[in-house]
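Structure data follow from run07.pdb (PDB, C-alpha atoms):
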MODEL        1
ATOM      1  CA  MET A   1       0.000   0.000   0.000  1.00  0.00           C
ATOM      2  CA  ILE A   2       1.249   3.487  -0.848  1.00  0.00           C
ATOM      3  CA  ARG A   3       1.096   6.131   1.843  1.00  0.00           C
ATOM      4  CA  MET A   4       1.315   9.772   0.828  1.00  0.00           C
ATOM      5  CA  ILE A   5       1.942  12.618   3.246  1.00  0.00           C
ATOM      6  CA  VAL A   6       1.072  16.087   1.964  1.00  0.00           C
ATOM      7  CA  VAL A   7       2.548  19.108   3.748  1.00  0.00           C
ATOM      8  CA  ARG A   8       2.029  22.779   3.008  1.00  0.00           C
ATOM      9  CA  HIS A   9       5.093  25.029   3.040  1.00  0.00           C
ATOM     10  CA  GLY A  10       5.936  27.006   6.157  1.00  0.00           C
ATOM     11  CA  ARG A  11       4.805  30.582   6.629  1.00  0.00           C
ATOM     12  CA  THR A  12       6.301  33.457   4.644  1.00  0.00           C
ATOM     13  CA  ALA A  13       6.078  37.189   5.256  1.00  0.00           C
ATOM     14  CA  LEU A  14       3.085  37.400   2.902  1.00  0.00           C
ATOM     15  CA  ASN A  15       1.064  34.603   4.520  1.00  0.00           C
ATOM     16  CA  THR A  16      -0.641  37.013   6.881  1.00  0.00           C
ATOM     17  CA  GLY A  17      -3.682  37.569   4.655  1.00  0.00           C
ATOM     18  CA  GLU A  18      -3.640  41.299   5.296  1.00  0.00           C
ATOM     19  CA  GLY A  19      -4.035  44.145   2.804  1.00  0.00           C
ATOM     20  CA  MET A  20      -2.034  44.192  -0.429  1.00  0.00           C
ATOM     21  CA  ALA A  21      -0.081  41.128   0.631  1.00  0.00           C
ATOM     22  CA  GLU A  22      -3.166  39.062  -0.182  1.00  0.00           C
ATOM     23  CA  ARG A  23      -3.043  40.285  -3.771  1.00  0.00           C
ATOM     24  CA  PHE A  24       0.525  39.106  -4.377  1.00  0.00           C
ATOM     25  CA  ARG A  25       0.552  35.978  -2.235  1.00  0.00           C
ATOM     26  CA  GLY A  26       1.691  32.972  -4.254  1.00  0.00           C
ATOM     27  CA  THR A  27       3.264  35.004  -7.059  1.00  0.00           C
ATOM     28  CA  ILE A  28       6.433  36.130  -5.288  1.00  0.00           C
ATOM     29  CA  ASP A  29       9.206  33.630  -4.513  1.00  0.00           C
ATOM     30  CA  LEU A  30       9.856  34.441  -0.858  1.00  0.00           C
ATOM     31  CA  PRO A  31      11.893  32.488   1.676  1.00  0.00           C
ATOM     32  CA  LEU A  32      10.347  31.119   4.822  1.00  0.00           C
ATOM     33  CA  ALA A  33       9.794  33.581   7.640  1.00  0.00           C
ATOM     34  CA  PRO A  34      11.489  32.661  10.949  1.00  0.00           C
ATOM     35  CA  ASP A  35       8.253  31.156  12.256  1.00  0.00           C
ATOM     36  CA  GLY A  36       7.824  29.326   8.930  1.00  0.00           C
ATOM     37  CA  LEU A  37      11.223  27.703   9.389  1.00  0.00           C
ATOM     38  CA  ALA A  38      10.165  26.748  12.914  1.00  0.00           C
ATOM     39  CA  GLN A  39       7.008  25.189  11.428  1.00  0.00           C
ATOM     40  CA  ALA A  40       9.093  23.180   8.956  1.00  0.00           C
ATOM     41  CA  ARG A  41      11.425  22.006  11.734  1.00  0.00           C
ATOM     42  CA  ALA A  42       8.450  20.961  13.877  1.00  0.00           C
ATOM     43  CA  THR A  43       7.040  18.990  10.954  1.00  0.00           C
ATOM     44  CA  ALA A  44      10.437  17.363  10.396  1.00  0.00           C
ATOM     45  CA  ARG A  45      10.492  16.250  14.037  1.00  0.00           C
ATOM     46  CA  ARG A  46       6.969  14.815  13.756  1.00  0.00           C
ATOM     47  CA  LEU A  47       7.885  12.879  10.609  1.00  0.00           C
ATOM     48  CA  ALA A  48      11.369  11.795  11.709  1.00  0.00           C
ATOM     49  CA  ASP A  49      10.212   8.259  12.550  1.00  0.00           C
ATOM     50  CA  GLN A  50       8.171   7.863   9.349  1.00  0.00           C
ATOM     51  CA  PRO A  51       9.829   6.059   6.445  1.00  0.00           C
ATOM     52  CA  LEU A  52      10.158   8.494   3.539  1.00  0.00           C
ATOM     53  CA  THR A  53      11.231   7.131   0.177  1.00  0.00           C
ATOM     54  CA  ALA A  54      10.780  10.374  -1.757  1.00  0.00           C
ATOM     55  CA  VAL A  55      10.120  14.053  -1.100  1.00  0.00           C
ATOM     56  CA  TYR A  56       8.717  16.323  -3.809  1.00  0.00           C
ATOM     57  CA  SER A  57       8.070  20.061  -3.849  1.00  0.00           C
ATOM     58  CA  SER A  58       7.465  22.919  -6.208  1.00  0.00           C
ATOM     59  CA  PRO A  59      10.549  24.877  -7.297  1.00  0.00           C
ATOM     60  CA  LEU A  60       9.564  27.895  -5.187  1.00  0.00           C
ATOM     61  CA  LEU A  61      12.003  28.727  -2.397  1.00  0.00           C
ATOM     62  CA  ARG A  62       9.444  28.414   0.411  1.00  0.00           C
ATOM     63  CA  ALA A  63       8.408  24.938  -0.764  1.00  0.00           C
ATOM     64  CA  ARG A  64      11.979  23.745  -1.377  1.00  0.00           C
ATOM     65  CA  SER A  65      13.134  24.974   2.040  1.00  0.00           C
ATOM     66  CA  THR A  66      10.239  23.218   3.749  1.00  0.00           C
ATOM     67  CA  ALA A  67      10.872  19.983   1.827  1.00  0.00           C
ATOM     68  CA  GLU A  68      14.629  20.048   2.473  1.00  0.00           C
ATOM     69  CA  THR A  69      14.072  20.620   6.187  1.00  0.00           C
ATOM     70  CA  ILE A  70      11.640  17.698   6.370  1.00  0.00           C
ATOM     71  CA  ALA A  71      13.906  15.411   4.315  1.00  0.00           C
ATOM     72  CA  ALA A  72      17.127  16.182   6.228  1.00  0.00           C
ATOM     73  CA  PRO A  73      16.624  13.636   9.058  1.00  0.00           C
ATOM     74  CA  HIS A  74      16.097  10.898   6.449  1.00  0.00           C
ATOM     75  CA  GLU A  75      19.347  11.386   4.514  1.00  0.00           C
TER      76      GLU A  75
ENDMDL
END
Output the file's structure in the form of structure tokens.
Amino acid sequence: MIRMIVVRHGRTALNTGEGMAERFRGTIDLPLAPDGLAQARATARRLADQPLTAVYSSPLLRARSTAETIAAPHE
């Protein structure tokens, strides 16, 4: 049986949903905010004991950073 785990990227500066940021969210390639990196690290800890055979992400920086953080304990 195949098991798939889907994770959303960590928070960026534009993930607040306020004002003009809402208009540009998703179109700007931003890095993770400090709390977004903390979210990715927390997810990595939660998944550390799960067998991962592959990790995929979009090419956007926020998604790659999240995926790399989650994959690191499995390398």
Fill in the blank from the handout: What separates atom CA of A:Leu32 and atom CA of A:Ala54 is a distance of 21.8 Å
Practice task
Please evaluate the PyMOL selection byres ((chain A and resi 13) around 8) against the structure above and give the resulting residues as a list in words.
Solution key: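 Checked against the file, the PyMOL selection byres ((chain A and resi 13) around 8) matches Arg11, Thr12, Leu14, Asn15, Thr16, Leu30, Leu32 and Ala33 of chain A.
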Export, as a JSON list (two decimals), keeping the file's coordinate frame, the selected residues with C-alpha atoms.
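Dumped everything to part.json:
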[["chain", "number", "residue", "atom", "x", "y", "z"],
["A", 11, "ARG", "CA", 4.80, 30.58, 6.63],
["A", 12, "THR", "CA", 6.30, 33.46, 4.64],
["A", 14, "LEU", "CA", 3.08, 37.40, 2.90],
["A", 15, "ASN", "CA", 1.06, 34.60, 4.52],
["A", 16, "THR", "CA", -0.64, 37.01, 6.88],
["A", 30, "LEU", "CA", 9.86, 34.44, -0.86],
["A", 32, "LEU", "CA", 10.35, 31.12, 4.82],
["A", 33, "ALA", "CA", 9.79, 33.58, 7.64]]
Problem - Nearest to A:Ile2 by atom-to-atom distance, counting all atoms listed in the file, from A:Leu47, A:Pro31, A:Ala38, A:Thr53 - result: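 Smallest distance to A:Ile2 is found for A:Thr53.
When only C-alpha atoms are used to compute distances to A:Val7, the closest of the residues A:Pro59, A:His74, A:Leu52, A:Thr43 turns out to be A:Thr43.
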Practice task
Go through A:Ile28, A:Leu37, A:Ala63, A:Ala71 and flag the residue nearest A:Gln50, using all atoms listed in the file for the distances.
Solution key: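 Nearest candidate to A:Gln50 out of A:Ile28, A:Leu37, A:Ala63, A:Ala71: A:Ala71.
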Handout entry: Two-atom distance - atom CA of A:Pro51, atom CA of A:His9 (Å)
Key =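 Interatomic distance here is 19.8 Å.
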Practice task
One decimal, Å: what's the distance from atom CA of A:Asp49 over to atom CA of A:Met1, could you say?
Solution key: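 Those two atoms sit 18.2 Å apart.
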Problem - Closest of A:Ala72, A:Ala67, A:Arg3, A:Arg8 to A:Ala48 - atom-to-atom distances counting all atoms listed in the file - result: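 Nearest to A:Ala48: A:Ala72.
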Will you give me stretch 34-47 of chain A, written with N, CA and C atoms and laid out as a CSV table (one decimal), in the first residue's frame?
chain,number,residue,atom,x,y,z
A,34,PRO,N,10.9,33.4,9.8
A,34,PRO,CA,11.5,32.7,10.9
A,34,PRO,C,10.5,31.7,11.6
A,35,ASP,N,9.2,32.1,11.7
A,35,ASP,CA,8.3,31.2,12.3
A,35,ASP,C,7.9,30.1,11.2
A,36,GLY,N,8.0,30.4,10.0
A,36,GLY,CA,7.8,29.3,8.9
A,36,GLY,C,8.9,28.3,9.0
A,37,LEU,N,10.1,28.7,9.2
A,37,LEU,CA,11.2,27.7,9.4
A,37,LEU,C,11.0,26.9,10.6
A,38,ALA,N,10.5,27.5,11.7
A,38,ALA,CA,10.2,26.7,12.9
A,38,ALA,C,9.1,25.7,12.6
A,39,GLN,N,8.1,26.1,11.8
A,39,GLN,CA,7.0,25.2,11.4
A,39,GLN,C,7.6,24.0,10.7
A,40,ALA,N,8.5,24.3,9.7
A,40,ALA,CA,9.1,23.2,9.0
A,40,ALA,C,9.9,22.3,9.9
A,41,ARG,N,10.6,22.8,10.8
A,41,ARG,CA,11.4,22.0,11.7
A,41,ARG,C,10.5,21.2,12.6
A,42,ALA,N,9.4,21.7,13.1
A,42,ALA,CA,8.5,21.0,13.9
A,42,ALA,C,7.9,19.8,13.1
A,43,THR,N,7.6,20.1,11.8
A,43,THR,CA,7.0,19.0,11.0
A,43,THR,C,8.1,17.9,10.7
A,44,ALA,N,9.3,18.3,10.6
A,44,ALA,CA,10.4,17.4,10.4
A,44,ALA,C,10.6,16.5,11.6
A,45,ARG,N,10.4,17.0,12.8
A,45,ARG,CA,10.5,16.2,14.0
A,45,ARG,C,9.3,15.3,14.1
A,46,ARG,N,8.1,15.7,13.7
A,46,ARG,CA,7.0,14.8,13.8
A,46,ARG,C,7.1,13.7,12.8
A,47,LEU,N,7.8,13.9,11.6
A,47,LEU,CA,7.9,12.9,10.6
A,47,LEU,C,9.2,12.1,10.7
